[in-house]
file structure-v1.pdb (PDB, C-alpha atoms)
ATOM      1  CA  MET A   1       0.000   0.000   0.000  1.00  0.00           C
ATOM      2  CA  ILE A   2       2.838   2.413   0.790  1.00  0.00           C
ATOM      3  CA  LYS A   3       4.359   1.630  -2.589  1.00  0.00           C
ATOM      4  CA  ARG A   4       1.150   2.667  -4.341  1.00  0.00           C
ATOM      5  CA  ILE A   5       1.016   5.918  -2.381  1.00  0.00           C
ATOM      6  CA  VAL A   6       4.615   6.761  -3.271  1.00  0.00           C
ATOM      7  CA  GLN A   7       4.004   5.959  -6.939  1.00  0.00           C
ATOM      8  CA  ARG A   8       0.907   8.171  -6.967  1.00  0.00           C
ATOM      9  CA  MET A   9       2.788  11.021  -5.321  1.00  0.00           C
ATOM     10  CA  SER A  10       5.626  10.754  -7.832  1.00  0.00           C
ATOM     11  CA  ARG A  11       3.127  11.378 -10.653  1.00  0.00           C
ATOM     12  CA  MET A  12       1.734  14.575  -9.122  1.00  0.00           C
ATOM     13  CA  CYS A  13       1.783  17.705 -11.257  1.00  0.00           C
ATOM     14  CA  PRO A  14       4.363  20.331 -10.206  1.00  0.00           C
ATOM     15  CA  ALA A  15       1.794  22.757  -8.760  1.00  0.00           C
ATOM     16  CA  ALA A  16       0.211  20.100  -6.545  1.00  0.00           C
ATOM     17  CA  TRP A  17       3.605  18.837  -5.415  1.00  0.00           C
ATOM     18  CA  TYR A  18       4.708  22.404  -4.585  1.00  0.00           C
ATOM     19  CA  ILE A  19       1.635  23.003  -2.419  1.00  0.00           C
ATOM     20  CA  TYR A  20       2.077  19.677  -0.647  1.00  0.00           C
ATOM     21  CA  LYS A  21       5.781  20.169   0.003  1.00  0.00           C
ATOM     22  CA  ARG A  22       5.524  23.784   1.189  1.00  0.00           C
ATOM     23  CA  SER A  23       2.586  23.050   3.463  1.00  0.00           C
ATOM     24  CA  MET A  24       4.554  20.238   5.101  1.00  0.00           C
ATOM     25  CA  GLN A  25       7.498  22.570   5.629  1.00  0.00           C
ATOM     26  CA  LEU A  26       5.290  25.294   7.085  1.00  0.00           C
ATOM     27  CA  SER A  27       3.615  22.769   9.383  1.00  0.00           C
ATOM     28  CA  LEU A  28       6.960  21.579  10.714  1.00  0.00           C
ATOM     29  CA  VAL A  29       8.103  25.144  11.382  1.00  0.00           C
ATOM     30  CA  LEU A  30       4.867  25.988  13.212  1.00  0.00           C
ATOM     31  CA  LEU A  31       5.074  22.789  15.259  1.00  0.00           C
ATOM     32  CA  ALA A  32       8.662  23.585  16.223  1.00  0.00           C
ATOM     33  CA  CYS A  33       7.712  27.144  17.218  1.00  0.00           C
ATOM     34  CA  GLY A  34       4.759  25.895  19.223  1.00  0.00           C
ATOM     35  CA  LEU A  35       6.938  23.361  21.002  1.00  0.00           C
ATOM     36  CA  LEU A  36       9.560  25.988  21.797  1.00  0.00           C
ATOM     37  CA  LEU A  37       6.910  28.321  23.188  1.00  0.00           C
ATOM     38  CA  THR A  38       5.509  25.512  25.306  1.00  0.00           C
ATOM     39  CA  LEU A  39       8.898  24.607  26.751  1.00  0.00           C
ATOM     40  CA  ALA A  40      10.348  28.129  26.994  1.00  0.00           C
ATOM     41  CA  PRO A  41      10.603  29.700  30.396  1.00  0.00           C
ATOM     42  CA  SER A  42       8.437  32.819  30.608  1.00  0.00           C
ATOM     43  CA  GLN A  43      10.565  35.947  30.643  1.00  0.00           C
ATOM     44  CA  ASP A  44       8.322  38.965  30.046  1.00  0.00           C
ATOM     45  CA  LEU A  45       5.022  37.444  29.001  1.00  0.00           C
ATOM     46  CA  SER A  46       2.892  35.403  31.304  1.00  0.00           C
ATOM     47  CA  SER A  47       3.097  31.668  30.862  1.00  0.00           C
ATOM     48  CA  HIS A  48      -0.645  31.606  30.106  1.00  0.00           C
ATOM     49  CA  THR A  49      -0.097  33.877  27.092  1.00  0.00           C
ATOM     50  CA  LEU A  50       2.717  31.685  25.803  1.00  0.00           C
ATOM     51  CA  LEU A  51       0.602  28.557  26.170  1.00  0.00           C
ATOM     52  CA  ARG A  52      -2.282  30.199  24.323  1.00  0.00           C
ATOM     53  CA  LEU A  53       0.074  31.246  21.516  1.00  0.00           C
ATOM     54  CA  SER A  54       1.566  27.766  21.221  1.00  0.00           C
ATOM     55  CA  ASN A  55      -1.937  26.288  21.171  1.00  0.00           C
ATOM     56  CA  ALA A  56      -2.825  28.680  18.325  1.00  0.00           C
ATOM     57  CA  TYR A  57       0.224  27.437  16.384  1.00  0.00           C
ATOM     58  CA  PHE A  58      -0.844  23.837  16.877  1.00  0.00           C
ATOM     59  CA  GLU A  59      -4.354  24.659  15.664  1.00  0.00           C
ATOM     60  CA  CYS A  60      -2.970  26.425  12.585  1.00  0.00           C
ATOM     61  CA  VAL A  61      -1.044  23.288  11.716  1.00  0.00           C
ATOM     62  CA  GLU A  62      -4.277  21.288  11.660  1.00  0.00           C
ATOM     63  CA  GLY A  63      -5.823  23.680   9.149  1.00  0.00           C
ATOM     64  CA  ILE A  64      -2.722  23.741   6.982  1.00  0.00           C
ATOM     65  CA  LEU A  65      -2.562  19.945   6.884  1.00  0.00           C
ATOM     66  CA  LEU A  66      -6.232  19.810   5.934  1.00  0.00           C
ATOM     67  CA  LEU A  67      -5.574  22.188   3.051  1.00  0.00           C
ATOM     68  CA  ALA A  68      -2.468  20.190   2.130  1.00  0.00           C
ATOM     69  CA  ALA A  69      -4.632  17.106   1.778  1.00  0.00           C
ATOM     70  CA  LEU A  70      -7.401  18.780  -0.229  1.00  0.00           C
ATOM     71  CA  LEU A  71      -5.711  21.267  -2.557  1.00  0.00           C
ATOM     72  CA  PRO A  72      -3.356  18.868  -4.384  1.00  0.00           C
ATOM     73  CA  VAL A  73      -6.288  16.523  -5.018  1.00  0.00           C
ATOM     74  CA  LEU A  74      -8.326  19.366  -6.479  1.00  0.00           C
ATOM     75  CA  ILE A  75      -5.415  20.484  -8.645  1.00  0.00           C
ATOM     76  CA  GLU A  76      -4.797  16.937  -9.874  1.00  0.00           C
ATOM     77  CA  ASP A  77      -8.507  16.574 -10.689  1.00  0.00           C
ATOM     78  CA  GLN A  78      -8.458  19.837 -12.636  1.00  0.00           C
ATOM     79  CA  GLN A  79      -5.329  18.764 -14.536  1.00  0.00           C
ATOM     80  CA  SER A  80      -6.867  15.422 -15.489  1.00  0.00           C
ATOM     81  CA  ARG A  81      -9.936  17.139 -16.976  1.00  0.00           C
ATOM     82  CA  ARG A  82      -7.831  19.132 -19.454  1.00  0.00           C
TER      83      ARG A  82
END

call {"tool": "encode", "arguments": {"input": "structure-v1.pdb", "output": "structure tokens"}}
result
Amino acid sequence: MIKRIVQRMSRMCPAAWYIYKRSMQLSLVLLACGLLLTLAPSQDLSSHTLLRLSNAYFECVEGILLLAALLPVLIEDQQSRR
């Protein structure tokens, strides 16, 4: 099954692959920032504010991954109709 997924991904059009790859990179950066904010000792801001900000980063990642799953499929569908 993994082999079929990899083969399907290798045949993606460049625009769909770009969206998928960049959304994965952005998700990793946001997850790393959220983790750093969660583990960072509070200097000037209250720890509650930092936890709320890190939670917002984690929620943004969920939305980005949802778009990363949907947009390449829509682009591939549009390309196949041409």

call {"tool": "resolve_selection", "arguments": {"input": "structure-v1.pdb", "expression": "the PyMOL selection byres ((chain A and resi 33) around 12)", "output": "mmCIF file with C-alpha atoms, keeping the file's coordinate frame"}}
result
data_model
loop_
_atom_site.group_PDB
_atom_site.id
_atom_site.type_symbol
_atom_site.label_atom_id
_atom_site.label_comp_id
_atom_site.auth_asym_id
_atom_site.auth_seq_id
_atom_site.Cartn_x
_atom_site.Cartn_y
_atom_site.Cartn_z
ATOM 1 C CA LEU A 26 5.290 25.294 7.085
ATOM 2 C CA SER A 27 3.615 22.769 9.383
ATOM 3 C CA LEU A 28 6.960 21.579 10.714
ATOM 4 C CA VAL A 29 8.103 25.144 11.382
ATOM 5 C CA LEU A 30 4.867 25.988 13.212
ATOM 6 C CA LEU A 31 5.074 22.789 15.259
ATOM 7 C CA ALA A 32 8.662 23.585 16.223
ATOM 8 C CA GLY A 34 4.759 25.895 19.223
ATOM 9 C CA LEU A 35 6.938 23.361 21.002
ATOM 10 C CA LEU A 36 9.560 25.988 21.797
ATOM 11 C CA LEU A 37 6.910 28.321 23.188
ATOM 12 C CA THR A 38 5.509 25.512 25.306
ATOM 13 C CA LEU A 39 8.898 24.607 26.751
ATOM 14 C CA ALA A 40 10.348 28.129 26.994
ATOM 15 C CA LEU A 50 2.717 31.685 25.803
ATOM 16 C CA LEU A 51 0.602 28.557 26.170
ATOM 17 C CA LEU A 53 0.074 31.246 21.516
ATOM 18 C CA SER A 54 1.566 27.766 21.221
ATOM 19 C CA ASN A 55 -1.937 26.288 21.171
ATOM 20 C CA ALA A 56 -2.825 28.680 18.325
ATOM 21 C CA TYR A 57 0.224 27.437 16.384
ATOM 22 C CA PHE A 58 -0.844 23.837 16.877
ATOM 23 C CA CYS A 60 -2.970 26.425 12.585
ATOM 24 C CA VAL A 61 -1.044 23.288 11.716
#

call {"tool": "resolve_selection", "arguments": {"input": "structure-v1.pdb", "expression": "the PyMOL selection byres ((chain A and resi 16) around 10)", "output": "mmCIF file with C-alpha atoms, keeping the file's coordinate frame"}}
result
data_model
loop_
_atom_site.group_PDB
_atom_site.id
_atom_site.type_symbol
_atom_site.label_atom_id
_atom_site.label_comp_id
_atom_site.auth_asym_id
_atom_site.auth_seq_id
_atom_site.Cartn_x
_atom_site.Cartn_y
_atom_site.Cartn_z
ATOM 1 C CA MET A 9 2.788 11.021 -5.321
ATOM 2 C CA MET A 12 1.734 14.575 -9.122
ATOM 3 C CA CYS A 13 1.783 17.705 -11.257
ATOM 4 C CA PRO A 14 4.363 20.331 -10.206
ATOM 5 C CA ALA A 15 1.794 22.757 -8.760
ATOM 6 C CA TRP A 17 3.605 18.837 -5.415
ATOM 7 C CA TYR A 18 4.708 22.404 -4.585
ATOM 8 C CA ILE A 19 1.635 23.003 -2.419
ATOM 9 C CA TYR A 20 2.077 19.677 -0.647
ATOM 10 C CA LYS A 21 5.781 20.169 0.003
ATOM 11 C CA ALA A 68 -2.468 20.190 2.130
ATOM 12 C CA LEU A 70 -7.401 18.780 -0.229
ATOM 13 C CA LEU A 71 -5.711 21.267 -2.557
ATOM 14 C CA PRO A 72 -3.356 18.868 -4.384
ATOM 15 C CA VAL A 73 -6.288 16.523 -5.018
ATOM 16 C CA LEU A 74 -8.326 19.366 -6.479
ATOM 17 C CA ILE A 75 -5.415 20.484 -8.645
ATOM 18 C CA GLU A 76 -4.797 16.937 -9.874
ATOM 19 C CA GLN A 79 -5.329 18.764 -14.536
#

call {"tool": "closest_residue", "arguments": {"input": "structure-v1.pdb", "among": "A:Thr49, A:Lys3, A:Arg11, A:Leu65", "to": "A:Gln25", "atoms": "all atoms listed in the file"}}
result
A:Leu65

call {"tool": "atom_distance", "arguments": {"input": "structure-v1.pdb", "atom1": "atom CA of A:Gly63", "atom2": "atom CA of A:Arg81"}}
result
27.2 Å

call {"tool": "atom_distance", "arguments": {"input": "structure-v1.pdb", "atom1": "atom CA of A:Arg52", "atom2": "atom CA of A:Leu66"}}
result
21.5 Å

call {"tool": "atom_distance", "arguments": {"input": "structure-v1.pdb", "atom1": "atom CA of A:Glu59", "atom2": "atom CA of A:Arg22"}}
result
17.5 Å
